[in-house]
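First the structure, in the form of structure tokens, and then the observations on it.
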Amino acid sequence: MHIPDGFLSNSVTLAAWAASAGGIGYSLKKASLEMKDRTIPLMGITAAFLFSAQMVNFPIGGGTSGHLLGGALAAILLGPFAGSVTLACVLVFQCLLFQDGGITALGANIFNMALGGTLGGYAVFRTVMFVFRSDGGTLIAAALASWFSVVFASLLCAVEIGFSGVSPLGIVVPAMAGIHGVIGLGEAAISVAVLSFVMKARPDLVYLKPVRAEGGP
Amino acid sequence: MRKKDIITGITIIVVLSALFIPFASESPDGLEKVAGVNGFLSSAAETASSPFTAPFPDYRVPGMGDKTSGVVSGIAGALAMFCICWGIAALLRKMRAR
């Protein structure tokens, strides 16, 4: 759901740039405080994976496709703030080199996917993790978080388009939520596959510190 | 992360890119579909008098076919992202140390 140039009004564009600049500034600060030595190369690997995985559009029927966003996955692997910085890097790179997402809309795309999808997905992950504290529970939480991250980002995108006066809110919001409710299933499947692979290969790499510190397994 | 894990990770990404990117669906994505159905897809072309043109629009590399372009962009882009985000993470780690 990379918004191209021309969809958003000037005021929505500016508001989104301001919000994403503030949000990414805060994320950089928090990510710096939390950055561990083992997270440094993992952030590079995660960014590389998300970049190429975002190129693999999968069909969802009805002549429509979707692709991984990876916000929830990045947050689960790296922590929410390093995750949102990683997503923002991927979006900037896609925009500047490949014209994927408009340059004026970059603020909105960062706000929706790098901040909204990533931090929102992580909030769902943590909430569900409080209920299930096992490896299986981690995957259930990851699936729900991934699905939510895509739907939430699409809602933010729809509201921005609605407020830009390009399409009525009453039309664009349910249309975006409906389609991304299906795309989110693909997001959940890919995220769970990647996460279960990482948990088998290098379980220590997954960012889970806070839940474990509270007496989890 | 040990060196071996990093090499394994990058190798997996390169192999998956080569295997899957050629088969990526070319159907419109969710937002493009909604824009098309509700008649605002054209506002992208009309109002955006293209403030900027990227060197490789739509992941196309000049002189290469679409599928090859996709795989080359996907792998080269992934390697570049790996270096950039590693660098940013290392910088963030260093900033805290001060």
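We name chains A, B, ... following the order of the structure tokens; residues begin at 1 in each chain, and ligands are numbered from 1 as shown.
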
Margin query: Please identify all residues of chain B having at least one atom at most 6 Å from any atom of chain A, considering only C-alpha atoms, and return them as an MDAnalysis selection string.
Written below: chainID B and resid 1 13 21 24:25 27:31 43:44 47:48 54:59 74 78 81:82 85:86 89:90 92:93 96

Item checked: 8 Å contact set for Ala153 in chain A, only C-alpha atoms, chain neighbours under 3 positions out, as an MDAnalysis selection string -> chainID A and resid 112:113 116:117 149:150 156:157

Note to self: One decimal, in Å: what's the spacing between CA of Ile110 in chain A and CA of Ala143 in chain A?
What the structure shows: 22.1 Å

Margin query: Give me the residues near Ser73 in chain B as an MDAnalysis selection string, where near means some atom within 8 Å (using only C-alpha atoms) and where sequence neighbours in that chain fewer than 3 positions away do not count.
Written below: chainID B and resid 59:61 69:70 76:77

Now that the selection is made, can you save its residues with N, CA and C atoms as a PDB file, in the first residue's frame?
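This is the output file out.pdb:
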ATOM      1  N   TYR B  59      11.492  -1.047 -10.281  1.00  0.00           N
ATOM      2  CA  TYR B  59      12.526  -2.078 -10.142  1.00  0.00           C
ATOM      3  C   TYR B  59      13.057  -2.535 -11.492  1.00  0.00           C
ATOM      4  N   ARG B  60      12.955  -1.664 -12.526  1.00  0.00           N
ATOM      5  CA  ARG B  60      13.469  -2.040 -13.847  1.00  0.00           C
ATOM      6  C   ARG B  60      14.894  -1.523 -14.007  1.00  0.00           C
ATOM      7  N   VAL B  61      15.749  -2.417 -14.451  1.00  0.00           N
ATOM      8  CA  VAL B  61      17.122  -2.029 -14.734  1.00  0.00           C
ATOM      9  C   VAL B  61      17.213  -1.843 -16.247  1.00  0.00           C
ATOM     10  N   SER B  69      15.370  -8.031 -14.397  1.00  0.00           N
ATOM     11  CA  SER B  69      15.437  -6.776 -13.653  1.00  0.00           C
ATOM     12  C   SER B  69      14.992  -6.960 -12.214  1.00  0.00           C
ATOM     13  N   GLY B  70      13.850  -7.645 -12.063  1.00  0.00           N
ATOM     14  CA  GLY B  70      13.293  -7.848 -10.727  1.00  0.00           C
ATOM     15  C   GLY B  70      14.269  -8.594  -9.833  1.00  0.00           C
ATOM     16  N   ALA B  76      20.390  -7.038  -5.428  1.00  0.00           N
ATOM     17  CA  ALA B  76      21.295  -5.900  -5.203  1.00  0.00           C
ATOM     18  C   ALA B  76      20.714  -4.982  -4.128  1.00  0.00           C
ATOM     19  N   GLY B  77      19.400  -4.767  -4.201  1.00  0.00           N
ATOM     20  CA  GLY B  77      18.750  -3.915  -3.206  1.00  0.00           C
ATOM     21  C   GLY B  77      18.840  -4.509  -1.812  1.00  0.00           C
TER      22      GLY B  77
END

Next item on the list: Using DSSP on the backbone coordinates, identify the residues of range 48-140 of chain A assigned to strand (DSSP E or B); present them as a PyMOL selection string.
Entry: chain A and resi 58-61+64-66

If you keep C-alpha atoms, can you produce a file of those selected residues as a JSON list (two decimals), in the first residue's frame?
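Output below, filename again.json:
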[["chain", "number", "residue", "atom", "x", "y", "z"],
["A", 58, "PHE", "CA", 1.10, -12.81, -3.98],
["A", 59, "PRO", "CA", -2.35, -13.04, -5.60],
["A", 60, "ILE", "CA", -5.32, -12.77, -3.24],
["A", 61, "GLY", "CA", -8.05, -13.32, -5.87],
["A", 64, "THR", "CA", -5.60, -8.15, -6.72],
["A", 65, "SER", "CA", -2.27, -8.85, -5.09],
["A", 66, "GLY", "CA", -0.57, -8.05, -1.83]]

Next item on the list: May I ask for the distance between CA of Leu19 in chain B and CA of Ala88 in chain A, given in Å to one decimal place?
Entry: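 If I compute the distance from CA of Leu19 in chain B to CA of Ala88 in chain A, I get 26.0 Å.
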
Check: What does the distance from CA of Ser146 in chain A to CA of Phe40 in chain B come to in Å, to one decimal?
Finding: 28.0 Å

Residues near Ala108 in chain A, anyone? I mean within 7 Å using only C-alpha atoms, not counting same-chain ones fewer than 4 positions away, as a PDB file with N, CA and C atoms, in the first residue's frame.
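Result file part_22.pdb:
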ATOM      1  N   THR A  13      -0.442  15.698   3.543  1.00  0.00           N
ATOM      2  CA  THR A  13       0.966  15.392   3.280  1.00  0.00           C
ATOM      3  C   THR A  13       1.865  15.990   4.362  1.00  0.00           C
ATOM      4  N   ALA A  16       1.375  14.362   7.801  1.00  0.00           N
ATOM      5  CA  ALA A  16       1.985  13.031   7.852  1.00  0.00           C
ATOM      6  C   ALA A  16       3.515  13.132   7.945  1.00  0.00           C
ATOM      7  N   TRP A  17       4.101  14.097   7.218  1.00  0.00           N
ATOM      8  CA  TRP A  17       5.555  14.294   7.316  1.00  0.00           C
ATOM      9  C   TRP A  17       5.933  14.681   8.747  1.00  0.00           C
ATOM     10  N   ASN A 112       2.281   5.305   8.104  1.00  0.00           N
ATOM     11  CA  ASN A 112       1.353   4.172   8.068  1.00  0.00           C
ATOM     12  C   ASN A 112       2.045   2.847   8.356  1.00  0.00           C
TER      13      ASN A 112
END

Notebook entry, point to check: Mind checking DSSP for range 77-127 of chain A and telling me the alpha helix (DSSP H) residues as an MDAnalysis selection string?
Noted result: chainID A and resid 77:78 80:98 106:109 118:127

Written selection (C-alpha atoms) as a PDB file, in the first residue's frame:
ATOM      1  CA  LEU A  77      12.801  -9.735  15.887  1.00  0.00           C
ATOM      2  CA  LEU A  78      14.409  -6.359  16.623  1.00  0.00           C
ATOM      3  CA  PRO A  80       9.491  -2.101  18.177  1.00  0.00           C
ATOM      4  CA  PHE A  81      11.743   0.937  17.761  1.00  0.00           C
ATOM      5  CA  ALA A  82      14.594  -0.677  15.827  1.00  0.00           C
ATOM      6  CA  GLY A  83      11.783  -2.340  13.837  1.00  0.00           C
ATOM      7  CA  SER A  84      10.189   0.963  12.869  1.00  0.00           C
ATOM      8  CA  VAL A  85      13.582   2.449  11.950  1.00  0.00           C
ATOM      9  CA  THR A  86      14.234  -0.597   9.736  1.00  0.00           C
ATOM     10  CA  LEU A  87      10.869  -0.275   7.975  1.00  0.00           C
ATOM     11  CA  ALA A  88      11.474   3.447   7.449  1.00  0.00           C
ATOM     12  CA  CYS A  89      14.867   2.684   5.852  1.00  0.00           C
ATOM     13  CA  VAL A  90      13.267   0.174   3.490  1.00  0.00           C
ATOM     14  CA  LEU A  91      10.560   2.686   2.497  1.00  0.00           C
ATOM     15  CA  VAL A  92      13.056   5.517   1.881  1.00  0.00           C
ATOM     16  CA  PHE A  93      15.242   3.206  -0.201  1.00  0.00           C
ATOM     17  CA  GLN A  94      12.285   1.931  -2.274  1.00  0.00           C
ATOM     18  CA  CYS A  95      11.090   5.477  -2.888  1.00  0.00           C
ATOM     19  CA  LEU A  96      14.450   7.026  -3.819  1.00  0.00           C
ATOM     20  CA  LEU A  97      15.801   4.200  -5.973  1.00  0.00           C
ATOM     21  CA  PHE A  98      12.742   2.454  -7.365  1.00  0.00           C
ATOM     22  CA  LEU A 106       6.888   9.202   1.785  1.00  0.00           C
ATOM     23  CA  GLY A 107       5.954  10.860   5.088  1.00  0.00           C
ATOM     24  CA  ALA A 108       2.539   9.195   4.988  1.00  0.00           C
ATOM     25  CA  ASN A 109       3.984   5.839   3.928  1.00  0.00           C
ATOM     26  CA  THR A 118       5.089  -1.720  13.191  1.00  0.00           C
ATOM     27  CA  LEU A 119       4.276  -0.242  16.600  1.00  0.00           C
ATOM     28  CA  GLY A 120       0.586  -1.218  16.347  1.00  0.00           C
ATOM     29  CA  GLY A 121       1.517  -4.774  15.405  1.00  0.00           C
ATOM     30  CA  TYR A 122       3.971  -4.949  18.289  1.00  0.00           C
ATOM     31  CA  ALA A 123       1.318  -3.722  20.737  1.00  0.00           C
ATOM     32  CA  VAL A 124      -0.946  -6.592  19.638  1.00  0.00           C
ATOM     33  CA  PHE A 125       1.974  -9.034  19.897  1.00  0.00           C
ATOM     34  CA  ARG A 126       2.732  -8.017  23.472  1.00  0.00           C
ATOM     35  CA  THR A 127      -0.918  -8.096  24.469  1.00  0.00           C
TER      36      THR A 127
END

Next item on the list: Rank nothing, just name the residue among A:Asn10, A:Ala72, A:Leu155, A:Ala114 nearest to Gly181 in chain A, using only C-alpha atoms.
Entry: A:Leu155

Checklist line | Using only C-alpha atoms: which of A:Ser164, A:Val131, A:Ala75, A:Thr138 has the shortest distance to Leu14 in chain A | finding: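 Counting only C-alpha atoms, the residue closest to Leu14 in chain A is A:Ser164.
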